[in-house]
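Structure record follows, encoded as structure tokens.
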There are 2 protein chains.
Amino acid sequence: MTSGNTTDELVKRIRDDRENGASELARQCLAGLARRARVLDADGAEGLRNKLVELAKQLQNTRPTMAVIIKLVGQWIDAVERLSTDNVDKLRNEASACAEKLIRISTDAVSKAALNAANLIGVDKTIITHSLSSTVIAVFEQAAPRVKAIVTESQPPGEGRQLAAKLSKLGIATDFISDQQMGLFVTQADVALVGADTIAADGSVINKAGTYLLALAAREQGIPFYVCFESFKCSDLVSTDIVLEQHDPAEFDPPELPHVKAHNIYFDTTPPNLITSWITEDGVSRKPGGQTSI
Amino acid sequence: MTSGNTTDELVKRIRDDRENGASELARQCLAGLARRARVLDADGAEGLRNKLVELAKQLQNTRPTMAVIIKLVGQWIDAVERLSTDNVDKLRNEASACAEKLIRISTDAVSKAALNAANLIGVDKTIITHSLSSTVIAVFEQAAPRVKAIVTESQPPGEGRQLAAKLSKLGIATDFISDQQMGLFVTQADVALVGADTIAADGSVINKAGTYLLALAAREQGIPFYVCFESFKCSDLVSTDIVLEQHDPAEFDPPELPHVKAHNIYFDTTPPNLITSWITEDGVSRKPGGQTSI
């Protein structure tokens, strides 16, 4: 992973990333901010702070569907704005340290959420998942090798390949399927587990397009559908107010024809009635925003 | 369309086709048989008949999931076995004519089924479909241009591109989406309509993988899910006894890794409880195998 050698490169890399999940990208934003805090040219401490806050706000705007970027970077902005600015070097150190601390807090939250998910799922189970989530990878790390996996390709762009590579290294027996086979393979799974890009205020899960289809198939086949996430992903917005990112349809090479318009909406919304449990660092809840138990 | 210049080429072409639906392929089998009946080298009429029947049986075995190939080619075998064999040229003509007659019967059945579907759906509606079906194309031909379409890419191999090209020529406003966006776009459709590779004895629809996911999304969003097919597609087998074709996973370029096994099951099964109406040349039925009305 590179953090981006310039401010513009950092913003572009986060905006254009099509493979990593929201938690990973939020931490990449913070790592980039820590690095920029150390090296950015600035005319005095106040000038540096202004530049850093401006960059942070640019990063918040890169991925409107990902609440965790807005929240974690927002916490960093709040902290940096509270730092004293009598000394440039001190500001560089403290702003970097603050970003690194937020990375640790996020990483710890993901680890705890993953442990809670692994404990809930138990051993000798087959887990079907969709897309690439650093949180879901953490669950597999907790559970390996005594679980099996069914991994979807997750087109476009097919980030399921990266998940399969991770699981292969963990020694987890993995079935790799095209997304269209979800309905066929959910019958072979004990549980469906996904990460999330954002959790809406009503408990809806905003995640890679296709997640809703997996949730429908899971319910129809009578297996639980779990979502595991650090609570920084919880948005104050209801699902209908969350912008679903759209990207260039060229990514899946649609035909260019009269009367034909191609679409590439990246995320879909899985409503609470399709979700069995919400799993965070605080525990497992059977209701959106409800009491958790560990 | 070529019919295959040799017997082996014909068998290979039908076996390897990944884009056309079952009705179209069944008619291509018959067209190939008509052509081979005219040109095949043979030692006398009985020798010719034996060669033709052998080829026909090879064709029946190419696509085990497609009942319509087995049925239409089976009817041709029955007819050819009843033809007198006192004259090679007469046998050539009659065997060819018989194949062409079966093509006409099938084409007429598809046209009538399509007309029944178009009448049921009505005008100014948006139809979402999956995969490429000559029967669904016939429905759009009946309804054009006073319907809109939502077409899935239908990976692998993406035969939805061919459907989009057909609809473009018909002047039908078409949204083209990757399969993962089905759940997002079903909310914009008035009706889901698919063809079928086979209808099982219990009314289940065997169709391109992903059809089941579309049916689940259609039910969840409260829009009807119609299947339109010529009745030659009805199998005597129950769905669990129908072999779902599997093809080389290389088609979607899965990773080759230790512990990771890729799958490419081409069809899935949509059970009767997800189907609103079965539409054939005989009319519209609300129950599998039930009374039809036109």
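Residues in the structure tokens are numbered from 1 in each chain, the chains being A, B, ... in the order shown, and ligands are numbered from 1 in the order shown.
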
message = Tell me as a VMD selection string which residues belonging to chain A come within 6 Å of chain B, counting only C-alpha atoms.
response = chain A and resid 168 173 to 177 180 to 181 209 to 210 258 to 263

inquiry  = Residues within 10 Å of A:Gln142, please, as JSON, numbers by chain. Count only C-alpha atoms; anything in the same chain fewer than 2 positions from it doesn't count.
reply    = {"A": [111, 114, 115, 116, 117, 118, 119, 136, 137, 138, 139, 140, 144, 145, 146, 147]}

Next, the residues of the selection above should be written as a PDB file, in the first residue's frame with N, CA, C and O atoms.
```
ATOM      1  N   SER A 111     -11.266  -5.711  15.085  1.00  0.00           N
ATOM      2  CA  SER A 111     -10.835  -6.992  15.672  1.00  0.00           C
ATOM      3  C   SER A 111     -11.879  -7.523  16.651  1.00  0.00           C
ATOM      4  O   SER A 111     -12.199  -8.716  16.653  1.00  0.00           O
ATOM      5  N   ALA A 114     -14.916  -8.699  14.784  1.00  0.00           N
ATOM      6  CA  ALA A 114     -14.627  -9.967  14.115  1.00  0.00           C
ATOM      7  C   ALA A 114     -14.647 -11.127  15.108  1.00  0.00           C
ATOM      8  O   ALA A 114     -15.160 -12.211  14.815  1.00  0.00           O
ATOM      9  N   LEU A 115     -14.098 -10.892  16.292  1.00  0.00           N
ATOM     10  CA  LEU A 115     -14.107 -11.943  17.318  1.00  0.00           C
ATOM     11  C   LEU A 115     -15.544 -12.275  17.717  1.00  0.00           C
ATOM     12  O   LEU A 115     -15.912 -13.448  17.850  1.00  0.00           O
ATOM     13  N   ASN A 116     -16.356 -11.238  17.877  1.00  0.00           N
ATOM     14  CA  ASN A 116     -17.765 -11.481  18.205  1.00  0.00           C
ATOM     15  C   ASN A 116     -18.462 -12.287  17.111  1.00  0.00           C
ATOM     16  O   ASN A 116     -19.273 -13.177  17.397  1.00  0.00           O
ATOM     17  N   ALA A 117     -18.149 -11.975  15.842  1.00  0.00           N
ATOM     18  CA  ALA A 117     -18.761 -12.714  14.733  1.00  0.00           C
ATOM     19  C   ALA A 117     -18.280 -14.159  14.716  1.00  0.00           C
ATOM     20  O   ALA A 117     -19.079 -15.091  14.535  1.00  0.00           O
ATOM     21  N   ALA A 118     -16.974 -14.341  14.906  1.00  0.00           N
ATOM     22  CA  ALA A 118     -16.418 -15.705  14.868  1.00  0.00           C
ATOM     23  C   ALA A 118     -17.032 -16.551  15.986  1.00  0.00           C
ATOM     24  O   ALA A 118     -17.363 -17.728  15.790  1.00  0.00           O
ATOM     25  N   ASN A 119     -17.192 -15.960  17.163  1.00  0.00           N
ATOM     26  CA  ASN A 119     -17.800 -16.701  18.279  1.00  0.00           C
ATOM     27  C   ASN A 119     -19.253 -17.046  17.992  1.00  0.00           C
ATOM     28  O   ASN A 119     -19.727 -18.135  18.331  1.00  0.00           O
ATOM     29  N   VAL A 136     -14.645  -8.793   7.284  1.00  0.00           N
ATOM     30  CA  VAL A 136     -14.937 -10.215   7.032  1.00  0.00           C
ATOM     31  C   VAL A 136     -13.633 -11.017   6.994  1.00  0.00           C
ATOM     32  O   VAL A 136     -13.567 -12.147   7.507  1.00  0.00           O
ATOM     33  N   ILE A 137     -12.576 -10.441   6.432  1.00  0.00           N
ATOM     34  CA  ILE A 137     -11.275 -11.127   6.455  1.00  0.00           C
ATOM     35  C   ILE A 137     -10.842 -11.362   7.907  1.00  0.00           C
ATOM     36  O   ILE A 137     -10.361 -12.447   8.252  1.00  0.00           O
ATOM     37  N   ALA A 138     -11.050 -10.360   8.766  1.00  0.00           N
ATOM     38  CA  ALA A 138     -10.683 -10.519  10.181  1.00  0.00           C
ATOM     39  C   ALA A 138     -11.480 -11.651  10.831  1.00  0.00           C
ATOM     40  O   ALA A 138     -10.953 -12.380  11.677  1.00  0.00           O
ATOM     41  N   VAL A 139     -12.751 -11.831  10.426  1.00  0.00           N
ATOM     42  CA  VAL A 139     -13.549 -12.945  10.957  1.00  0.00           C
ATOM     43  C   VAL A 139     -12.918 -14.274  10.524  1.00  0.00           C
ATOM     44  O   VAL A 139     -12.753 -15.202  11.331  1.00  0.00           O
ATOM     45  N   PHE A 140     -12.544 -14.353   9.248  1.00  0.00           N
ATOM     46  CA  PHE A 140     -11.918 -15.596   8.770  1.00  0.00           C
ATOM     47  C   PHE A 140     -10.582 -15.841   9.468  1.00  0.00           C
ATOM     48  O   PHE A 140     -10.233 -16.976   9.767  1.00  0.00           O
ATOM     49  N   ALA A 144     -10.138 -19.356  11.109  1.00  0.00           N
ATOM     50  CA  ALA A 144      -9.348 -20.278  10.292  1.00  0.00           C
ATOM     51  C   ALA A 144      -8.650 -21.323  11.150  1.00  0.00           C
ATOM     52  O   ALA A 144      -8.253 -21.008  12.269  1.00  0.00           O
ATOM     53  N   PRO A 145      -8.433 -22.532  10.658  1.00  0.00           N
ATOM     54  CA  PRO A 145      -8.951 -23.012   9.372  1.00  0.00           C
ATOM     55  C   PRO A 145     -10.258 -23.781   9.521  1.00  0.00           C
ATOM     56  O   PRO A 145     -10.682 -24.410   8.574  1.00  0.00           O
ATOM     57  N   ARG A 146     -10.918 -23.662  10.699  1.00  0.00           N
ATOM     58  CA  ARG A 146     -12.076 -24.532  10.953  1.00  0.00           C
ATOM     59  C   ARG A 146     -13.383 -23.951  10.448  1.00  0.00           C
ATOM     60  O   ARG A 146     -14.443 -24.084  11.073  1.00  0.00           O
ATOM     61  N   VAL A 147     -13.342 -23.245   9.343  1.00  0.00           N
ATOM     62  CA  VAL A 147     -14.555 -22.873   8.614  1.00  0.00           C
ATOM     63  C   VAL A 147     -14.271 -23.096   7.136  1.00  0.00           C
ATOM     64  O   VAL A 147     -13.118 -23.225   6.732  1.00  0.00           O
TER      65      VAL A 147
END
```

task = Report the residues of stretch 102-280 of chain B whose backbone DSSP state falls under strand (DSSP E), written as a ChimeraX atom specification.
result = /B:125-129,147-152,174-177,191-194,198-199,205-208,225-228,260-263,267-270,277-280

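When only C-alpha atoms are used to compute distances to B:Ile206, the closest of the residues B:Ser285, B:Thr85, B:Thr65, B:Gln60 turns out to be B:Thr65.
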
request  = Would you work out the distance separating atom CA of B:Asp78 from atom CA of B:Leu52, expressed in Å to one decimal?
outcome  = 11.7 Å

key: Closest of A:Glu46, A:Ala99, A:Pro64, A:Leu10 to A:Asn87 - atom-to-atom distances counting only C-alpha atoms   =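 Result for the nearest residue to A:Asn87: A:Glu46.
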
ask   = Residues of stretch 63-266 of chain A in helix (DSSP H, G or I) according to DSSP, as JSON, numbers by chain?
value = {"A": [67, 68, 69, 70, 71, 72, 73, 74, 75, 76, 77, 78, 79, 80, 81, 82, 88, 89, 90, 91, 92, 93, 94, 95, 96, 97, 98, 99, 100, 101, 102, 103, 104, 105, 106, 107, 108, 109, 110, 111, 112, 113, 114, 115, 116, 117, 118, 119, 120, 121, 134, 135, 136, 137, 138, 139, 140, 141, 142, 143, 160, 161, 162, 163, 164, 165, 166, 167, 168, 169, 179, 180, 181, 182, 183, 184, 185, 186, 187, 188, 211, 212, 213, 214, 215, 216, 217, 218, 219, 220, 221, 231, 232, 233, 239, 240, 241, 249, 250, 251, 252]}

task = Tell me, as a PyMOL selection string, which residues lie within 12 Å of A:Gly44, counting only C-alpha atoms; anything in the same chain fewer than 5 positions away does not count.
result = chain A and resi 49-51+85-92

Write the selection just made, keeping C-alpha atoms, as an mmCIF file, in the first residue's frame?
```
data_model
loop_
_atom_site.group_PDB
_atom_site.id
_atom_site.type_symbol
_atom_site.label_atom_id
_atom_site.label_comp_id
_atom_site.auth_asym_id
_atom_site.auth_seq_id
_atom_site.Cartn_x
_atom_site.Cartn_y
_atom_site.Cartn_z
ATOM 1 C CA ARG A 49 -3.377 23.186 9.895
ATOM 2 C CA ASN A 50 -5.492 24.902 7.269
ATOM 3 C CA LYS A 51 -3.947 22.794 4.515
ATOM 4 C CA THR A 85 -0.398 25.940 16.731
ATOM 5 C CA ASP A 86 2.543 27.668 18.344
ATOM 6 C CA ASN A 87 5.005 25.223 16.848
ATOM 7 C CA VAL A 88 4.977 23.649 13.379
ATOM 8 C CA ASP A 89 6.980 20.560 14.301
ATOM 9 C CA LYS A 90 4.808 19.917 17.339
ATOM 10 C CA LEU A 91 1.693 20.261 15.215
ATOM 11 C CA ARG A 92 3.138 17.793 12.669
#
```

query = So which residues touch stretch 69-76 of chain B within 10 Å, counting only C-alpha atoms, skipping near sequence neighbours fewer than 3 positions away, as a count of residues only?
reply = 41

inquiry  = Please report the interatomic distance between atom CA of A:Val238 and atom CA of A:Leu193 in Å with one decimal.
reply    = 22.2 Å

message = Given only C-alpha atoms as the basis, pick out the residue of B:Ala113, B:Leu244, B:Ala250, B:Leu163 nearest to B:Thr292.
response = B:Ala113

inquiry  = So, with only C-alpha atoms as the atoms that count, which of B:Glu230, B:Leu40, B:Val243, B:Ala200 lies closest to B:Val110?
reply    = B:Glu230

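As for atom CA of B:Trp278 and atom CA of B:Cys228, they are spaced 6.1 Å apart.
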
key: For B:Leu132: contacts at 7 Å, only C-alpha atoms, fewer than 2 positions along chain excluded, given as a ChimeraX atom specification   = /B:19-21,130,134,159-160,163
